[in-house]
Structures are given as C-alpha cells and as structure tokens.
Amino acid sequence: MDLTKVYHAATVFRHLNGILSVYKPAGTKVKHVRNAILGNACKGLNEMEQRDSRIFPQDPPLLGTCTPANSVLHVASLTDIADHILSSGPRYMPGDIRSTVVETLGDHTSGVLLFGINKGTVQSGCIRRNRPVRVYHITGRLGIATENHLPNANVTVCSNHRHITADKISGLASSMQASHQRYMYKLCGVDLQTQAAYELACKGLIRPADNSQPIIYGIKLIKFERPHFTLEVHTVNETEKYLAGLVHDIALELRTVAHCSQLCCVRHGHFGVRDSLLRHGWHLPGIVKNLRQNRDILRAHSQMIKLERGELHA
C-alpha cells in the first residue's frame with residue numbers, strides 16, 4: 001500500500017478513526033493514559049498546517065480607520081479576528097476526539113489496553129459485547145500475604161513455602177481449569193457426556209451472557225523461581241481483584257500464603273503486546289500508524305466484531 005505524506009491537520013483528523021492499542025504501565029490509571037494520548041494527538045494536530053481564519057462577506061464592505069488620529073475611512077480587513085488562533089486558542093482540543101475504553105485495567109495491572117477513537121467507538125462497543133478472551137501473566141510471591149493480595153498493601157501473614165514445587169502448582173492449575181470447564185457447561189444445563197455439549201462446543205468458546213461471571217478458560221504454570229511463580233491465565237470478565245484473589249486461593253490450597261506481585265495483560269483477543277504502543281510512541285504519527293495496523297487486524301479477524309457464540313445463563 002502506497003503511503004502519502006499529509007501536512008494538513010483537517011485531513012489527518014478525518015482519518016483518526018478506529019481501535020487504538022496501547023501498553024499501559026503498572027501504577028498508572030486508565031484515565032491518565034487516555035488524557036496523555038488525546039493530549040499528544042491534539043498537540044500533533046495543532047503543529048500541522050491549519051485552516052485559514054474565516055472571511056467576512058465582501059458585501060457590504062466594512063469600513064474603518066488606520067489610527068484614531070486618522071479620520072480617513074478605508075476598507076477594513078475581511079478576516080474574522082474572533083476565529084484567529086491567537087483569539088480562539090488551539091484548533092484541536094482533547095474534547096474534540098471521542099474515545100471509549102473497550103475493557104479497563106486495574107491501576108496495578110500493565111499490558112494491552114484498547115481504545116475506540118471517534119468512529120471506532122462503535123467497533124469498541126461490538127468488541128466489548130463479544131467479550132474476547134484476555135491472556136494474563138500473573139506473578140505471585142510465596143510466603144507473604146497482604147491485605148488486598150497486592151504488593152502495595154500491608155503484610156498480614158508470613159508462612160513457610162519450602163514444600164511447594166512446580167509440579168504441585170501445575171497439578172493444581174490443571175484441576176482448577178477442569179473445574180471451570182465443568183462449571184461452564186453446568187450453567188448451560190448441559191451434561192458433558194451428551195450430544196448437546198458437543199454441539200455447544202462446536203460453536204466456539206462458551207462466553208457468559210453478561211459481565212458478572214468471571215470464567216477461566218485456561219491456566220498453567222510457565223515459570224517457577226522460588227519464591228516467585230508465574231501463571232498464564234486465559235479468562236473473560238476478570239478484574240484485578242479477582243486475579244489477585246486467585247493467586248491467594250492457589251497458595252491456600254498448597255498450604256501456604258502468597259500475594260500477587262505483578263499483573264500483565266499480554267493479549268486481548270487478537271491484539272497482542274507487540275501490536276501495542278509503548279509510552280514513547282504516544283504521539284500523532286504513532287497513533288495513526290497503530291490505527292492503520294489494527295484496522296488490518298480487524299479485517300483479518302472479523303469475528304471480533306460479529307461473533308456467534310454459546311452463552312452461559314445462570
């Protein structure tokens with residue numbers, strides 16, 4: 001595809017539509033990420049060529065004097081001074097760009113964060129309703145429990161964890177995954193050993209009918225370095241509190257305690273970490289390039305916008 005250099009701000013603004021994927025740092029609120037992106041986009045637009053100020057109609061002409069001491073009338077400038085940049089301020093403000101978050105992330109969670117920009121707000125609504133699976137890498141710290149299972153809280157309990165091995169964590173993770181799969185079919189009122197269960201599975205992933213039921217589709221141990229361990233979790237309708245509590249529950253089953261030391265969303269549907277803008281790329285050229293790349297991803301995976309799925313009903 002041939003690319004053309006564009007110098008006019010209005011042309012760029014008309015094409016500022018679609019799904020934007022950024023990498024949210026841990027310890028940063030989503031609203032701060034949004035404000036930074038919109039502010040940098042407006043800064044880039046205001047540095048480009050702007051439209052000319054409005055011109056008054058020439059009929060009838062406006063008359064004025066050069067100075068108070070000169071009484072000779074002449075035709076005044078037809079430019080609308082109220083529309084000048086020095087009078088009205090910057091042409092583009094953050095409020096001029098519509099944006100919505102597809103699915104939010106907690107303050108302590110880093111990773112892929114999707115925004116719908118301008119006309120992309122419609123696509124973001126479709127993605128939100130289809131509830132694509134998100135993949136997390138969750139790092140836990142054995143031996144220490146905190147009040148809210150996150151590293152910024154007060155320590156409540158310390159425990160021995162020398163008896164914990166990678167095989168024990170992997171076995172428990174497999175058991176939890178199997179129990180969640182049985183729970184999904186139970187909510188649908190279908191027995192796993194029936195033809196109805198097979199036909200339901202052929203439709204694809206079974207997703208909840210609303211966002212009130214966290215469901216885990218896969219959980220496995222990918223790294224174990226005592227006292228830290230890392231789990232890969234495939235889930236929908238999750239929250240930061242739910243995932244941190246999951247680490248705590250796993251530790252209790254293993255007869256110890258733990259807290260979640262790191263949470264990272266590595267994939268949201270077909271949008272991965274490699275497709276996301278890092279902090280130094282939150283500028284207008286990077287935003288436009290990312291919107292174009294994500295447009296190709298949605299074109300290749302149209303099921304993210306329109307998806308036939310089985311639904312869970314409690």
# chains A, B, ... in the order shown; residues from 1 in each chain; ligands from 1
call {"tool": "select_by_dssp", "arguments": {"residues": "range 62-282 of chain A", "states": "strand (DSSP E)", "output": "number ranges by chain"}}
result
A: 63-64, 74-75, 99-101, 109-117, 134-142, 144-146, 155-158, 206-208, 215-225, 228-236, 258-268, 271-272
call {"tool": "residues_around", "arguments": {"residues": "Val233 in chain A", "least_positions_apart": "4", "cutoff": "10 Å", "atoms": "only C-alpha atoms", "output": "ChimeraX atom specification"}}
result
/A:133-138,173,177,216-221,243,265
call {"tool": "residues_around", "arguments": {"residues": "range 8-16 of chain A", "least_positions_apart": "4", "cutoff": "6 Å", "atoms": "only C-alpha atoms", "output": "list in words"}}
result
Leu45, Met48, Glu49 and Gln50 of chain A
call {"tool": "residues_around", "arguments": {"residues": "Thr109 in chain A", "least_positions_apart": "3", "cutoff": "8 Å", "atoms": "only C-alpha atoms", "output": "PyMOL selection string"}}
result
chain A and resi 24-27+105-106+240+262-265
call {"tool": "write_last_selection", "arguments": {"atoms": "C-alpha atoms", "output": "compact mmCIF listing (two decimals), in the first residue's frame"}}
result
# COMPACT_ATOMS: atom_id res chain seq x y z
CA LYS A 24 -0.50 0.65 29.92
CA PRO A 25 2.27 0.84 32.54
CA ALA A 26 1.64 -0.53 36.01
CA GLY A 27 0.75 2.07 38.61
CA LEU A 105 -7.42 -2.48 33.51
CA GLY A 106 -6.71 -2.06 37.21
CA GLU A 240 -7.73 -7.12 39.12
CA GLN A 262 2.76 -8.44 39.13
CA LEU A 263 -0.18 -8.47 36.70
CA CYS A 264 0.28 -8.09 32.94
CA CYS A 265 -2.31 -8.43 30.18
call {"tool": "residues_around", "arguments": {"residues": "Arg128 in chain A", "least_positions_apart": "4", "cutoff": "7 Å", "atoms": "only C-alpha atoms", "output": "short mmCIF file (atom, residue, chain, number, x, y, z; two decimals) with N, CA and C atoms, in the first residue's frame"}}
result
data_model
loop_
_atom_site.label_atom_id
_atom_site.label_comp_id
_atom_site.auth_asym_id
_atom_site.auth_seq_id
_atom_site.Cartn_x
_atom_site.Cartn_y
_atom_site.Cartn_z
N VAL A 102 -12.34 -0.16 25.64
CA VAL A 102 -13.00 -1.43 25.36
C VAL A 102 -13.19 -2.21 26.67
N GLU A 103 -12.11 -2.49 27.37
CA GLU A 103 -12.15 -3.12 28.69
C GLU A 103 -11.06 -2.48 29.54
N SER A 124 -15.56 -0.52 19.23
CA SER A 124 -15.20 -0.86 20.61
C SER A 124 -16.41 -1.43 21.35
#
call {"tool": "atom_distance", "arguments": {"atom1": "CA of Thr121 in chain A", "atom2": "CA of Thr239 in chain A"}}
result
22.2 Å
call {"tool": "select_by_dssp", "arguments": {"residues": "range 4-207 of chain A", "states": "helix (DSSP H, G or I)", "output": "PyMOL selection string"}}
result
chain A and resi 9-14+30-46+81-83+85-88+94-96+120-130+166-187+195-202
call {"tool": "residues_around", "arguments": {"residues": "range 267-282 of chain A", "least_positions_apart": "4", "cutoff": "6 Å", "atoms": "only C-alpha atoms", "output": "number ranges by chain"}}
result
A: 21-23, 37, 112, 132-135, 286
call {"tool": "residues_around", "arguments": {"residues": "Glu225 in chain A", "least_positions_apart": "2", "cutoff": "10 Å", "atoms": "only C-alpha atoms", "output": "PyMOL selection string"}}
result
chain A and resi 141+165-166+223+227-230
call {"tool": "write_last_selection", "arguments": {"atoms": "all heavy atoms", "output": "short mmCIF file (atom, residue, chain, number, x, y, z; two decimals), in the first residue's frame"}}
result
data_model
loop_
_atom_site.label_atom_id
_atom_site.label_comp_id
_atom_site.auth_asym_id
_atom_site.auth_seq_id
_atom_site.Cartn_x
_atom_site.Cartn_y
_atom_site.Cartn_z
N ARG A 141 4.08 -14.18 44.71
CA ARG A 141 5.21 -14.25 45.64
C ARG A 141 4.79 -15.12 46.82
O ARG A 141 3.90 -14.74 47.60
CB ARG A 141 5.58 -12.84 46.09
CG ARG A 141 7.04 -12.63 46.52
CD ARG A 141 7.37 -13.28 47.82
NE ARG A 141 8.71 -12.89 48.30
CZ ARG A 141 9.28 -13.43 49.36
NH1 ARG A 141 8.64 -14.36 50.06
NH2 ARG A 141 10.49 -13.03 49.74
N THR A 165 6.46 -27.10 45.09
CA THR A 165 7.23 -27.42 43.88
C THR A 165 6.44 -27.00 42.65
O THR A 165 5.23 -26.74 42.73
CB THR A 165 7.56 -28.92 43.82
OG1 THR A 165 6.32 -29.66 43.73
CG2 THR A 165 8.34 -29.36 45.04
N ALA A 166 7.12 -26.97 41.53
CA ALA A 166 6.46 -26.61 40.27
C ALA A 166 5.39 -27.63 39.90
O ALA A 166 4.33 -27.27 39.35
CB ALA A 166 7.50 -26.49 39.15
N LYS A 223 6.48 -20.40 34.71
CA LYS A 223 7.78 -20.09 35.30
C LYS A 223 7.71 -20.29 36.81
O LYS A 223 6.72 -19.91 37.44
CB LYS A 223 8.18 -18.65 34.97
CG LYS A 223 9.59 -18.28 35.39
CD LYS A 223 9.92 -16.85 34.96
CE LYS A 223 11.34 -16.48 35.35
NZ LYS A 223 11.67 -15.08 34.95
N PRO A 227 11.08 -17.57 45.48
CA PRO A 227 9.69 -17.76 45.91
C PRO A 227 8.65 -17.25 44.89
O PRO A 227 7.48 -17.12 45.22
CB PRO A 227 9.63 -16.92 47.18
CG PRO A 227 10.54 -15.77 46.89
CD PRO A 227 11.67 -16.34 46.06
N HIS A 228 9.09 -16.93 43.67
CA HIS A 228 8.18 -16.37 42.68
C HIS A 228 7.73 -17.45 41.69
O HIS A 228 8.50 -18.36 41.35
CB HIS A 228 8.85 -15.22 41.92
CG HIS A 228 9.28 -14.07 42.79
ND1 HIS A 228 8.39 -13.12 43.25
CD2 HIS A 228 10.48 -13.73 43.29
CE1 HIS A 228 9.04 -12.23 43.99
NE2 HIS A 228 10.31 -12.59 44.04
N PHE A 229 6.50 -17.33 41.23
CA PHE A 229 5.97 -18.21 40.19
C PHE A 229 5.06 -17.39 39.29
O PHE A 229 4.47 -16.39 39.73
CB PHE A 229 5.21 -19.39 40.79
CG PHE A 229 3.97 -19.02 41.53
CD1 PHE A 229 2.72 -19.04 40.92
CD2 PHE A 229 4.03 -18.62 42.86
CE1 PHE A 229 1.57 -18.70 41.61
CE2 PHE A 229 2.89 -18.27 43.56
CZ PHE A 229 1.65 -18.31 42.94
N THR A 230 4.98 -17.78 38.02
CA THR A 230 4.21 -17.04 37.03
C THR A 230 3.19 -17.96 36.39
O THR A 230 3.54 -19.05 35.91
CB THR A 230 5.11 -16.43 35.96
OG1 THR A 230 6.09 -15.59 36.58
CG2 THR A 230 4.30 -15.60 34.97
#
call {"tool": "closest_residue", "arguments": {"among": "A:Ala153, A:Leu38, A:Leu114, A:Val33", "to": "Asp96 in chain A", "atoms": "only C-alpha atoms"}}
result
A:Leu38
call {"tool": "closest_residue", "arguments": {"among": "A:Ile19, A:Ala145, A:Ile164, A:Val257", "to": "Ser99 in chain A", "atoms": "only C-alpha atoms"}}
result
A:Ile19
call {"tool": "closest_residue", "arguments": {"among": "A:Pro208, A:Thr235, A:Leu284, A:Met304", "to": "Asn46 in chain A", "atoms": "only C-alpha atoms"}}
result
A:Leu284
call {"tool": "closest_residue", "arguments": {"among": "A:Gln195, A:Asn148, A:Gln181, A:Ser212", "to": "Lys241 in chain A", "atoms": "only C-alpha atoms"}}
result
A:Asn148
call {"tool": "atom_distance", "arguments": {"atom1": "CA of Gly89 in chain A", "atom2": "CA of Val30 in chain A"}}
result
27.4 Å
call {"tool": "atom_distance", "arguments": {"atom1": "CA of Asn118 in chain A", "atom2": "CA of Arg98 in chain A"}}
result
4.6 Å
